[in-house]
file my_file.txt (compact mmCIF, C-alpha atoms)
# COMPACT_ATOMS: atom_id res chain seq x y z
CA MET A 1 -9.63 88.70 110.58
CA ALA A 2 -7.45 89.84 113.46
CA LYS A 3 -5.03 92.61 112.57
CA GLY A 4 -2.07 90.57 113.75
CA SER A 5 -2.54 87.96 111.07
CA ILE A 6 -2.56 90.18 107.99
CA SER A 7 -0.27 88.64 105.40
CA SER A 8 2.69 90.55 104.04
CA SER A 9 1.33 90.37 100.49
CA VAL A 10 -1.88 92.13 101.58
CA ILE A 11 0.18 94.75 103.41
CA ARG A 12 2.36 95.27 100.33
CA ARG A 13 -0.74 95.96 98.23
CA MET A 14 -2.05 98.68 100.55
CA PRO A 15 0.34 101.44 99.37
CA ARG A 16 -0.81 100.73 95.82
CA TYR A 17 -4.48 101.11 96.80
CA TYR A 18 -3.51 104.33 98.53
CA ARG A 19 -1.78 105.58 95.39
CA PHE A 20 -4.65 104.72 93.05
CA LEU A 21 -7.30 106.12 95.38
CA GLY A 22 -5.30 109.33 95.82
CA GLU A 23 -5.15 109.69 92.06
CA LEU A 24 -8.91 109.14 91.75
CA ALA A 25 -9.62 111.59 94.56
CA ARG A 26 -7.49 114.24 92.85
CA GLN A 27 -9.51 113.65 89.68
CA GLY A 28 -12.65 114.38 91.68
CA VAL A 29 -14.01 110.83 91.71
CA VAL A 30 -16.18 110.40 94.82
CA ARG A 31 -17.55 106.89 94.41
CA ILE A 32 -16.23 103.73 92.79
CA SER A 33 -17.36 100.10 92.64
CA SER A 34 -14.91 97.36 93.58
CA ARG A 35 -15.25 96.09 90.00
CA GLU A 36 -14.22 99.44 88.54
CA LEU A 37 -11.35 99.88 90.99
CA ALA A 38 -10.25 96.32 90.22
CA GLU A 39 -10.18 97.03 86.48
CA ARG A 40 -8.04 100.12 86.93
CA MET A 41 -5.60 98.29 89.16
CA GLY A 42 -5.43 95.01 87.25
CA LEU A 43 -6.87 93.02 90.15
CA THR A 44 -10.16 91.21 90.71
CA ALA A 45 -13.04 92.78 92.62
CA SER A 46 -13.01 89.85 95.01
CA GLN A 47 -9.33 90.37 95.81
CA ILE A 48 -9.97 94.03 96.61
CA ARG A 49 -12.87 93.13 98.90
CA GLN A 50 -10.77 90.46 100.62
CA ASP A 51 -7.80 92.80 101.07
CA LEU A 52 -9.86 95.61 102.54
CA ASN A 53 -11.78 93.20 104.76
CA CYS A 54 -8.49 92.47 106.53
CA PHE A 55 -8.74 95.98 107.92
CA GLY A 56 -12.44 95.89 108.65
CA GLY A 57 -13.95 96.44 105.20
CA PHE A 58 -15.07 99.82 103.96
CA GLY A 59 -17.49 99.33 101.06
CA GLN A 60 -21.26 99.50 101.23
CA GLN A 61 -23.32 96.91 99.41
CA GLY A 62 -24.79 98.52 96.30
CA TYR A 63 -22.77 101.72 96.70
CA GLY A 64 -19.17 100.69 96.37
CA TYR A 65 -16.44 102.77 97.97
CA ASN A 66 -16.34 106.43 98.86
CA VAL A 67 -13.01 107.37 97.28
CA PRO A 68 -11.83 110.25 99.53
CA GLU A 69 -12.95 108.40 102.65
CA LEU A 70 -11.26 105.13 101.69
CA HIS A 71 -8.12 107.01 100.67
CA SER A 72 -7.81 108.74 104.02
CA GLU A 73 -8.74 105.56 105.88
CA ILE A 74 -5.96 103.60 104.16
CA GLY A 75 -3.61 106.50 104.79
CA ARG A 76 -4.43 106.27 108.46
CA ILE A 77 -3.80 102.50 108.42
CA LEU A 78 -0.43 103.08 106.72
CA GLY A 79 0.50 105.76 109.23
CA VAL A 80 1.01 108.65 106.80
CA ASP A 81 0.53 111.18 109.61
CA ALA A 82 3.18 109.65 111.86
CA ALA A 83 5.94 112.16 111.00
CA SER A 84 8.57 109.71 112.27
CA ARG A 85 11.85 111.55 112.80
CA THR A 86 14.21 110.18 110.19
CA ILE A 87 17.90 110.41 109.33
CA LEU A 88 19.65 109.54 106.09
CA VAL A 89 23.01 107.82 106.45
CA GLY A 90 25.06 108.02 103.26
CA ALA A 91 24.60 111.02 100.98
CA GLY A 92 26.26 109.63 97.85
CA ASN A 93 24.45 109.52 94.51
CA LEU A 94 21.73 107.19 95.63
CA GLY A 95 21.15 108.71 99.08
CA LYS A 96 20.99 112.16 97.58
CA ALA A 97 18.58 111.09 94.86
CA ILE A 98 16.28 109.37 97.34
CA ALA A 99 16.21 112.40 99.64
CA GLN A 100 15.39 114.67 96.72
CA HIS A 101 13.03 112.36 94.88
CA LEU A 102 10.54 111.43 97.57
CA ASP A 103 8.05 113.41 99.57
CA PHE A 104 8.73 111.98 103.03
CA ALA A 105 6.19 114.10 104.88
CA LYS A 106 3.37 112.71 102.73
CA ARG A 107 4.35 109.17 103.74
CA GLY A 108 4.75 109.50 107.49
CA PHE A 109 8.38 110.59 107.79
CA GLU A 110 10.25 113.78 108.63
CA LEU A 111 13.83 114.00 107.39
CA ILE A 112 15.77 115.78 110.15
CA GLY A 113 19.41 114.87 109.54
CA ILE A 114 21.83 113.61 106.88
CA PHE A 115 25.23 112.09 107.60
CA ASP A 116 28.18 111.15 105.43
CA LYS A 117 31.86 110.48 105.96
CA ASN A 118 32.86 112.53 102.91
CA PRO A 119 34.08 116.00 104.09
CA ASP A 120 33.22 117.51 100.69
CA LEU A 121 29.56 117.06 101.51
CA TRP A 122 29.56 118.49 105.03
CA GLY A 123 27.63 121.73 105.17
CA THR A 124 25.92 121.20 101.80
CA GLU A 125 22.13 120.81 101.82
CA ILE A 126 19.99 118.09 100.34
CA ALA A 127 16.24 118.61 100.29
CA GLY A 128 16.76 121.49 102.68
CA VAL A 129 18.60 119.38 105.26
CA PRO A 130 22.31 119.96 105.93
CA VAL A 131 24.78 117.10 105.55
CA SER A 132 26.91 116.50 108.68
CA ASP A 133 30.00 114.50 109.52
CA ILE A 134 29.00 110.93 110.33
CA ALA A 135 31.09 111.30 113.51
CA GLU A 136 28.39 113.67 114.76
CA MET A 137 25.60 111.15 114.27
CA GLU A 138 25.72 109.77 117.79
CA ALA A 139 25.43 113.16 119.50
CA PHE A 140 22.69 114.14 117.06
CA CYS A 141 20.64 111.02 117.87
CA ALA A 142 21.08 111.55 121.61
CA GLU A 143 19.69 115.05 121.25
CA GLN A 144 17.12 114.77 118.45
CA HIS A 145 15.86 111.20 119.00
CA PRO A 146 15.25 110.07 115.42
CA THR A 147 13.48 106.70 115.21
CA VAL A 148 14.06 105.81 111.56
CA ALA A 149 17.23 105.59 109.47
CA ILE A 150 17.60 105.38 105.71
CA LEU A 151 20.77 103.45 104.91
CA CYS A 152 22.50 104.27 101.64
CA ILE A 153 25.96 103.08 102.62
CA PRO A 154 28.24 100.36 101.26
CA LYS A 155 27.54 96.77 102.21
CA THR A 156 30.69 96.59 104.30
CA ALA A 157 29.48 99.34 106.62
CA ALA A 158 25.82 98.34 106.84
CA PHE A 159 25.83 95.90 109.75
CA ASP A 160 28.04 97.96 112.08
CA THR A 161 26.16 101.15 111.33
CA ALA A 162 22.79 99.50 111.84
CA GLN A 163 23.92 97.99 115.13
CA LYS A 164 25.13 101.38 116.34
CA LEU A 165 21.88 103.04 115.27
CA CYS A 166 19.78 100.44 117.09
CA ALA A 167 21.66 101.29 120.28
CA LEU A 168 20.93 104.96 119.57
CA GLY A 169 17.19 104.36 119.47
CA ILE A 170 16.50 103.69 115.80
CA ARG A 171 13.67 101.21 115.42
CA GLY A 172 13.06 101.26 111.68
CA PHE A 173 15.38 100.99 108.70
CA TRP A 174 14.81 101.74 105.06
CA ASN A 175 17.79 99.83 103.78
CA PHE A 176 19.31 100.38 100.33
CA SER A 177 22.64 98.76 101.19
CA HIS A 178 23.38 95.50 99.41
CA TYR A 179 23.22 93.80 102.75
CA ASP A 180 20.19 92.04 104.22
CA LEU A 181 19.47 93.49 107.63
CA ARG A 182 17.57 90.85 109.51
CA GLN A 183 19.51 90.18 112.69
CA PHE A 184 17.89 92.87 114.78
CA GLU A 185 15.07 92.13 117.15
CA ASP A 186 12.20 94.61 117.58
CA VAL A 187 13.32 96.66 114.63
CA VAL A 188 11.29 97.09 111.45
CA VAL A 189 13.32 96.71 108.27
CA GLU A 190 12.29 97.45 104.71
CA ASN A 191 15.07 96.30 102.36
CA VAL A 192 15.25 97.76 98.86
CA HIS A 193 17.56 95.67 96.73
CA LEU A 194 17.70 97.43 93.39
CA GLY A 195 20.14 94.85 92.07
CA ASP A 196 17.67 92.05 92.84
CA SER A 197 14.94 93.95 91.04
CA LEU A 198 17.16 94.30 87.97
CA LEU A 199 17.91 90.56 88.03
CA THR A 200 14.18 89.83 88.22
CA LEU A 201 13.76 91.87 85.05
CA SER A 202 16.62 89.95 83.47
CA TYR A 203 14.90 86.67 84.31
CA GLY A 204 11.61 87.96 82.90
CA LEU A 205 13.27 88.95 79.63
CA LYS A 206 15.05 85.62 79.34
CA SER A 207 11.86 83.66 80.06
CA SER A 208 9.84 85.65 77.57
CA GLN A 209 12.29 84.65 74.84
CA GLU A 210 12.10 80.95 75.59
CA PRO A 211 8.98 79.46 73.98
CA ASP A 212 8.42 76.85 76.71
CA GLU A 213 8.47 79.51 79.37
CA LYS A 214 5.95 81.81 77.75
CA SER A 215 3.44 81.13 80.48
CA ALA A 216 5.78 82.12 83.32
CA GLY A 217 3.80 85.00 84.70
CA GLY A 218 6.40 85.74 87.35
CA ALA A 219 8.17 88.86 86.34
CA LYS A 220 5.58 90.02 83.83
CA GLY A 221 4.07 93.40 84.35
CA MET B 1 7.81 71.21 87.99
CA ALA B 2 7.58 72.67 84.50
CA LYS B 3 9.46 75.92 84.08
CA GLY B 4 6.33 77.71 82.90
CA SER B 5 4.63 77.36 86.26
CA ILE B 6 7.28 78.82 88.55
CA SER B 7 5.61 81.24 90.91
CA SER B 8 6.63 84.86 91.08
CA SER B 9 7.63 84.55 94.74
CA VAL B 10 10.13 81.80 93.87
CA ILE B 11 11.46 83.92 91.01
CA ARG B 12 11.81 86.93 93.30
CA ARG B 13 13.92 84.87 95.72
CA MET B 14 16.40 83.77 93.04
CA PRO B 15 18.36 87.07 92.90
CA ARG B 16 18.81 86.80 96.66
CA TYR B 17 20.21 83.27 96.36
CA TYR B 18 22.50 84.57 93.64
CA ARG B 19 23.69 87.39 95.89
CA PHE B 20 24.34 85.17 98.91
CA LEU B 21 26.08 82.48 96.87
CA GLY B 22 28.25 85.08 95.15
CA GLU B 23 29.29 86.38 98.54
CA LEU B 24 30.12 82.87 99.75
CA ALA B 25 32.06 82.10 96.56
CA ARG B 26 34.11 85.29 97.00
CA GLN B 27 34.88 84.15 100.54
CA GLY B 28 36.24 80.92 99.09
CA VAL B 29 33.41 78.67 100.32
CA VAL B 30 33.13 75.68 97.98
CA ARG B 31 30.46 73.56 99.61
CA ILE B 32 27.43 74.34 101.76
CA SER B 33 24.53 72.33 103.15
CA SER B 34 20.99 73.53 102.56
CA ARG B 35 20.65 73.88 106.34
CA GLU B 36 23.68 76.18 106.56
CA LEU B 37 22.61 78.25 103.56
CA ALA B 38 19.12 78.46 105.06
CA GLU B 39 20.49 79.78 108.35
CA ARG B 40 22.51 82.48 106.64
CA MET B 41 19.55 83.59 104.56
CA GLY B 42 16.88 83.37 107.24
CA LEU B 43 14.96 80.69 105.35
CA THR B 44 14.28 77.01 105.99
CA ALA B 45 16.32 74.25 104.36
CA SER B 46 13.14 72.78 102.93
CA GLN B 47 12.21 76.08 101.29
CA ILE B 48 15.62 76.30 99.65
CA ARG B 49 15.32 72.74 98.33
CA GLN B 50 11.81 73.45 97.05
CA ASP B 51 12.85 76.69 95.37
CA LEU B 52 15.85 75.17 93.63
CA ASN B 53 13.85 72.11 92.60
CA CYS B 54 11.71 74.43 90.48
CA PHE B 55 14.73 74.78 88.24
CA GLY B 56 15.77 71.15 88.32
CA GLY B 57 17.47 70.89 91.72
CA PHE B 58 21.20 71.18 92.15
CA GLY B 59 22.17 69.63 95.47
CA GLN B 60 23.58 66.16 96.01
CA GLN B 61 22.28 64.01 98.85
CA GLY B 62 24.87 64.00 101.61
CA TYR B 63 27.04 66.66 99.96
CA GLY B 64 24.93 69.81 99.86
CA TYR B 65 25.60 72.40 97.23
CA ASN B 66 28.73 73.28 95.34
CA VAL B 67 28.77 77.06 95.87
CA PRO B 68 30.56 78.31 92.73
CA GLU B 69 28.61 75.89 90.53
CA LEU B 70 25.24 76.80 92.01
CA HIS B 71 26.09 80.50 91.81
CA SER B 72 26.90 80.33 88.13
CA GLU B 73 23.92 78.06 87.45
CA ILE B 74 21.51 80.55 89.05
CA GLY B 75 23.26 83.33 87.17
CA ARG B 76 22.56 81.47 83.95
CA ILE B 77 18.91 81.01 84.94
CA LEU B 78 18.65 84.75 85.68
CA GLY B 79 20.29 85.65 82.39
CA VAL B 80 23.25 87.62 83.76
CA ASP B 81 25.17 87.10 80.51
CA ALA B 82 22.42 88.47 78.29
CA ALA B 83 23.96 91.94 77.85
CA SER B 84 20.55 93.33 76.81
CA ARG B 85 21.02 96.70 75.13
CA THR B 86 19.48 99.23 77.50
CA ILE B 87 18.62 102.91 77.49
CA LEU B 88 17.88 105.19 80.43
CA VAL B 89 15.08 107.69 79.90
CA GLY B 90 15.20 110.53 82.41
CA ALA B 91 18.58 111.59 83.81
CA GLY B 92 17.37 113.58 86.81
CA ASN B 93 18.56 112.84 90.34
CA LEU B 94 17.12 109.36 90.48
CA GLY B 95 18.02 108.29 86.94
CA LYS B 96 21.55 109.54 87.41
CA ALA B 97 21.93 107.78 90.75
CA ILE B 98 20.65 104.49 89.37
CA ALA B 99 22.98 104.63 86.37
CA GLN B 100 25.93 105.34 88.65
CA HIS B 101 24.99 103.03 91.49
CA LEU B 102 24.44 99.73 89.73
CA ASP B 103 26.71 97.44 87.78
CA PHE B 104 24.45 96.70 84.83
CA ALA B 105 26.90 94.44 83.00
CA LYS B 106 27.01 92.04 85.95
CA ARG B 107 23.23 91.69 85.82
CA GLY B 108 22.63 91.09 82.12
CA PHE B 109 22.32 94.65 80.80
CA GLU B 110 24.45 97.00 78.74
CA LEU B 111 23.68 100.71 79.13
CA ILE B 112 24.10 102.22 75.66
CA GLY B 113 22.16 105.49 75.75
CA ILE B 114 20.71 108.09 78.12
CA PHE B 115 18.02 110.59 77.18
CA ASP B 116 16.58 113.64 78.88
CA LYS B 117 14.60 116.69 77.83
CA ASN B 118 16.77 119.05 79.91
CA PRO B 119 19.29 120.81 77.58
CA ASP B 120 21.65 121.40 80.53
CA LEU B 121 22.32 117.67 80.64
CA TRP B 122 22.93 117.09 76.92
CA GLY B 123 26.54 116.18 76.28
CA THR B 124 27.31 115.40 79.92
CA GLU B 125 28.24 111.83 80.77
CA ILE B 126 26.76 109.50 83.37
CA ALA B 127 28.54 106.23 84.04
CA GLY B 128 30.53 106.83 80.86
CA VAL B 129 27.44 107.20 78.66
CA PRO B 130 26.58 110.59 77.13
CA VAL B 131 23.17 112.15 77.78
CA SER B 132 21.28 113.06 74.60
CA ASP B 133 18.21 115.11 73.74
CA ILE B 134 15.11 112.97 74.17
CA ALA B 135 14.11 114.10 70.67
CA GLU B 136 16.96 111.93 69.37
CA MET B 137 15.68 108.80 71.10
CA GLU B 138 13.66 107.55 68.14
CA ALA B 139 16.55 107.74 65.68
CA PHE B 140 18.87 106.17 68.23
CA CYS B 141 16.53 103.22 68.76
CA ALA B 142 16.11 102.70 65.01
CA GLU B 143 19.87 102.51 64.64
CA GLN B 144 21.05 100.85 67.88
CA HIS B 145 18.10 98.56 68.62
CA PRO B 146 17.98 98.68 72.41
CA THR B 147 15.54 96.17 73.90
CA VAL B 148 15.26 97.48 77.46
CA ALA B 149 14.39 100.92 78.85
CA ILE B 150 14.83 102.24 82.37
CA LEU B 151 12.13 104.84 83.01
CA CYS B 152 12.96 107.58 85.51
CA ILE B 153 10.48 110.13 84.22
CA PRO B 154 7.49 111.85 85.80
CA LYS B 155 4.24 109.94 86.06
CA THR B 156 2.58 112.20 83.51
CA ALA B 157 5.05 111.21 80.79
CA ALA B 158 5.33 107.51 81.62
CA PHE B 159 2.51 106.03 79.57
CA ASP B 160 3.18 107.98 76.37
CA THR B 161 6.91 107.35 76.55
CA ALA B 162 6.42 103.64 77.21
CA GLN B 163 3.99 103.35 74.32
CA LYS B 164 6.46 105.05 71.98
CA LEU B 165 9.30 102.85 73.20
CA CYS B 166 7.27 99.67 72.63
CA ALA B 167 6.77 100.75 69.02
CA LEU B 168 10.53 101.30 68.81
CA GLY B 169 11.28 97.72 69.81
CA ILE B 170 11.63 97.93 73.59
CA ARG B 171 10.39 94.73 75.21
CA GLY B 172 11.39 95.25 78.82
CA PHE B 173 10.95 98.15 81.23
CA TRP B 174 12.57 98.85 84.57
CA ASN B 175 10.05 101.41 85.69
CA PHE B 176 10.74 103.91 88.47
CA SER B 177 7.94 106.29 87.44
CA HIS B 178 5.06 106.58 89.88
CA TYR B 179 2.87 105.00 87.25
CA ASP B 180 1.99 101.32 86.98
CA LEU B 181 2.89 100.11 83.52
CA ARG B 182 0.73 97.10 82.87
CA GLN B 183 -1.19 97.78 79.71
CA PHE B 184 1.40 96.47 77.30
CA GLU B 185 1.23 92.99 75.83
CA ASP B 186 4.40 90.94 75.34
CA VAL B 187 6.48 93.38 77.31
CA VAL B 188 8.21 92.53 80.58
CA VAL B 189 7.81 95.18 83.27
CA GLU B 190 9.55 95.44 86.61
CA ASN B 191 8.03 98.31 88.57
CA VAL B 192 10.03 99.87 91.40
CA HIS B 193 7.73 102.02 93.52
CA LEU B 194 9.98 103.56 96.13
CA GLY B 195 7.06 105.46 97.61
CA ASP B 196 5.16 102.21 98.17
CA SER B 197 8.19 100.72 99.87
CA LEU B 198 8.38 103.72 102.20
CA LEU B 199 4.68 103.36 103.04
CA THR B 200 5.23 99.68 103.83
CA LEU B 201 7.89 100.73 106.32
CA SER B 202 5.48 103.28 107.75
CA TYR B 203 2.88 100.55 108.26
CA GLY B 204 5.46 98.28 109.87
CA LEU B 205 6.47 101.00 112.32
CA LYS B 206 2.88 101.79 113.18
CA SER B 207 2.01 98.11 113.70
CA SER B 208 5.04 97.52 115.89
CA GLN B 209 3.83 100.25 118.23
CA GLU B 210 0.34 98.85 118.58
CA PRO B 211 0.36 96.01 121.14
CA ASP B 212 -2.38 94.01 119.42
CA GLU B 213 -0.49 94.08 116.17
CA LYS B 214 2.83 92.86 117.55
CA SER B 215 2.52 89.58 115.73
CA ALA B 216 2.05 91.19 112.31
CA GLY B 217 5.03 89.71 110.54
CA GLY B 218 4.31 91.59 107.33
CA ALA B 219 6.76 94.38 107.00
CA LYS B 220 9.20 93.12 109.58
CA GLY B 221 12.74 92.46 108.49

call {"tool": "encode", "arguments": {"input": "my_file.txt", "output": "structure tokens"}}
result
Amino acid sequence: MAKGSISSSVIRRMPRYYRFLGELARQGVVRISSRELAERMGLTASQIRQDLNCFGGFGQQGYGYNVPELHSEIGRILGVDAASRTILVGAGNLGKAIAQHLDFAKRGFELIGIFDKNPDLWGTEIAGVPVSDIAEMEAFCAEQHPTVAILCIPKTAAFDTAQKLCALGIRGFWNFSHYDLRQFEDVVVENVHLGDSLLTLSYGLKSSQEPDEKSAGGAKG
Amino acid sequence: MAKGSISSSVIRRMPRYYRFLGELARQGVVRISSRELAERMGLTASQIRQDLNCFGGFGQQGYGYNVPELHSEIGRILGVDAASRTILVGAGNLGKAIAQHLDFAKRGFELIGIFDKNPDLWGTEIAGVPVSDIAEMEAFCAEQHPTVAILCIPKTAAFDTAQKLCALGIRGFWNFSHYDLRQFEDVVVENVHLGDSLLTLSYGLKSSQEPDEKSAGGAKG
């Protein structure tokens, strides 16, 4: 299958393969069959083979997969070594938590700047990176050339800020604002709508209580 | 279509409809055609009709949709009035941010307790709810009967904690731990893997740079 036609659902499963294989590698597992990997991940062996075939296929008939090799190969596919220069816009509770919670370097990103309009935060550090006045963002981008922005700002500010950042050379957004960024051409956007996720859980709970909806597998774990 | 067979991708789109319709209703829009709603949401009119038909269909030929009615109808489907009694386990950076960032009541949940093993946090309040010693969680559950738990705890603690909570009557998890909860029967799980989301963005950025992968629509916004 040509790389260009890989479906988004296959792509969305790749980070999970990467996570499981990393865990296995850390446990010292060197070799695993697709059946065994499938069991651990709650998938079918055939789905795993199909997914990996989209990227060329990595297993050997009768051997299975070499865990450390497949892990680093998927990491390469996902771009974990990219070290994309990244800024965080909005250092409120959520922005701060995200900056502190995640290991960006391990996932292909380098956090180089944090901006907020709240003067109380200027000069403080989050994850070792100082928070600056959002008014300095433009000059910073012109000098440091970040290519990715994490948006943790209110909905009302999201579009204008994103538009400005695009003009400043940003070509990827990790967007936590309650605003769907989708108007920008040639920009990669990954929206994280925590509220939508919570509503999906709500639906799942409601369905699981209604006898005629018992079989709705949708939001089930 | 019977309710039991609604696909997870349709279910996952419903919170987004709810969000867009809520926005329109707040703007005073009373009526909208499926074509107009589709344009705003970046979908096709036929997809919207198909999605809503899964729940019975709500539009009227030649009229379109009544925005406030459809908004409240989807809210009902999603269970926004459920007020499920919810506890947060793990009040570190991420747990704290999530409790402060989201309006649980508007999405069918009532946050009634927060637990952490860090003594420095005991007695402090997050979003108006006091943080208690995690050792008190069992007694709290026996008395207050929460049905939902938000897990913001390390991967190593996730399985044991979830197992304990299931025995204490929890039947839904909003799971932010880097651990896939999927072993539990009759429990609804919504996993939020922020790291996976970041890796999906990484892949999207990498693909967008490779000329032969330009058409990969996967992680594009």

call {"tool": "residues_around", "arguments": {"input": "my_file.txt", "residues": "A:Val187", "least_positions_apart": "2", "cutoff": "8 Å", "atoms": "all atoms listed in the file", "output": "number ranges by chain"}}
result
A: 166, 170-173, 184-185, 189; B: 220-221

call {"tool": "write_last_selection", "arguments": {"input": "my_file.txt", "atoms": "C-alpha atoms", "output": "tab-separated table (two decimals), keeping the file's coordinate frame"}}
result
chain	number	residue	atom	x	y	z
A	166	CYS	CA	19.78	100.44	117.09
A	170	ILE	CA	16.50	103.69	115.80
A	171	ARG	CA	13.67	101.21	115.42
A	172	GLY	CA	13.06	101.26	111.68
A	173	PHE	CA	15.38	100.99	108.70
A	184	PHE	CA	17.89	92.87	114.78
A	185	GLU	CA	15.07	92.13	117.15
A	189	VAL	CA	13.32	96.71	108.27
B	220	LYS	CA	9.20	93.12	109.58
B	221	GLY	CA	12.74	92.46	108.49

call {"tool": "residues_near_point", "arguments": {"input": "my_file.txt", "point": "(-14.6, 111.7, 101.3)", "cutoff": "12 Å", "atoms": "only C-alpha atoms", "output": "count of residues only"}}
result
19

call {"tool": "closest_residue", "arguments": {"input": "my_file.txt", "among": "A:Ile11, A:Leu37, A:Leu151, A:Ala157", "to": "chain B", "atoms": "only C-alpha atoms"}}
result
A:Ile11

call {"tool": "residues_around", "arguments": {"input": "my_file.txt", "residues": "B:Met137", "least_positions_apart": "4", "cutoff": "9 Å", "atoms": "all atoms listed in the file", "output": "short mmCIF file (atom, residue, chain, number, x, y, z; two decimals) with C-alpha atoms, keeping the file's coordinate frame"}}
result
data_model
loop_
_atom_site.label_atom_id
_atom_site.label_comp_id
_atom_site.auth_asym_id
_atom_site.auth_seq_id
_atom_site.Cartn_x
_atom_site.Cartn_y
_atom_site.Cartn_z
CA VAL B 89 15.08 107.69 79.90
CA GLY B 113 22.16 105.49 75.75
CA ILE B 114 20.71 108.09 78.12
CA PHE B 115 18.02 110.59 77.18
CA SER B 132 21.28 113.06 74.60
CA ASP B 133 18.21 115.11 73.74
CA CYS B 141 16.53 103.22 68.76
CA ALA B 142 16.11 102.70 65.01
CA LEU B 165 9.30 102.85 73.20
#

call {"tool": "closest_residue", "arguments": {"input": "my_file.txt", "among": "B:Gly64, B:Gly90, B:Gly56, B:Gly128", "to": "B:Asp116", "atoms": "only C-alpha atoms"}}
result
B:Gly90

call {"tool": "closest_residue", "arguments": {"input": "my_file.txt", "among": "B:Glu138, B:Glu36, B:Glu210, B:Asp120", "to": "chain A", "atoms": "all atoms listed in the file"}}
result
B:Glu210

call {"tool": "decode", "arguments": {"input": "my_file.txt", "residues": "stretch 192-203 of chain A", "atoms": "N, CA, C and O atoms", "output": "mmCIF file, in the first residue's frame"}}
result
data_model
loop_
_atom_site.group_PDB
_atom_site.id
_atom_site.type_symbol
_atom_site.label_atom_id
_atom_site.label_comp_id
_atom_site.auth_asym_id
_atom_site.auth_seq_id
_atom_site.Cartn_x
_atom_site.Cartn_y
_atom_site.Cartn_z
ATOM 1 N N VAL A 192 -7.229 18.219 20.691
ATOM 2 C CA VAL A 192 -7.561 17.408 21.864
ATOM 3 C C VAL A 192 -8.735 18.080 22.563
ATOM 4 O O VAL A 192 -8.577 19.116 23.193
ATOM 5 N N HIS A 193 -9.917 17.497 22.396
ATOM 6 C CA HIS A 193 -11.099 18.067 23.025
ATOM 7 C C HIS A 193 -11.454 17.236 24.247
ATOM 8 O O HIS A 193 -12.153 16.235 24.140
ATOM 9 N N LEU A 194 -10.951 17.653 25.403
ATOM 10 C CA LEU A 194 -11.194 16.879 26.614
ATOM 11 C C LEU A 194 -12.684 16.826 26.942
ATOM 12 O O LEU A 194 -13.184 15.802 27.405
ATOM 13 N N GLY A 195 -13.385 17.920 26.656
ATOM 14 C CA GLY A 195 -14.821 17.943 26.920
ATOM 15 C C GLY A 195 -15.566 16.902 26.087
ATOM 16 O O GLY A 195 -16.484 16.244 26.575
ATOM 17 N N ASP A 196 -15.156 16.736 24.841
ATOM 18 C CA ASP A 196 -15.780 15.729 23.978
ATOM 19 C C ASP A 196 -15.525 14.322 24.511
ATOM 20 O O ASP A 196 -16.389 13.448 24.455
ATOM 21 N N SER A 197 -14.306 14.124 25.017
ATOM 22 C CA SER A 197 -13.963 12.818 25.569
ATOM 23 C C SER A 197 -14.841 12.505 26.780
ATOM 24 O O SER A 197 -15.340 11.384 26.940
ATOM 25 N N LEU A 198 -15.054 13.516 27.613
ATOM 26 C CA LEU A 198 -15.899 13.333 28.802
ATOM 27 C C LEU A 198 -17.341 13.022 28.399
ATOM 28 O O LEU A 198 -18.000 12.170 28.998
ATOM 29 N N LEU A 199 -17.830 13.685 27.349
ATOM 30 C CA LEU A 199 -19.191 13.418 26.871
ATOM 31 C C LEU A 199 -19.308 12.012 26.284
ATOM 32 O O LEU A 199 -20.356 11.377 26.389
ATOM 33 N N THR A 200 -18.230 11.532 25.666
ATOM 34 C CA THR A 200 -18.243 10.162 25.140
ATOM 35 C C THR A 200 -18.371 9.162 26.292
ATOM 36 O O THR A 200 -19.090 8.170 26.198
ATOM 37 N N LEU A 201 -17.678 9.459 27.393
ATOM 38 C CA LEU A 201 -17.817 8.614 28.585
ATOM 39 C C LEU A 201 -19.249 8.673 29.112
ATOM 40 O O LEU A 201 -19.836 7.646 29.467
ATOM 41 N N SER A 202 -19.813 9.867 29.121
ATOM 42 C CA SER A 202 -21.184 10.033 29.593
ATOM 43 C C SER A 202 -22.144 9.181 28.762
ATOM 44 O O SER A 202 -23.000 8.473 29.297
ATOM 45 N N TYR A 203 -21.961 9.233 27.449
ATOM 46 C CA TYR A 203 -22.796 8.419 26.561
ATOM 47 C C TYR A 203 -22.625 6.922 26.867
ATOM 48 O O TYR A 203 -23.584 6.166 26.920
#
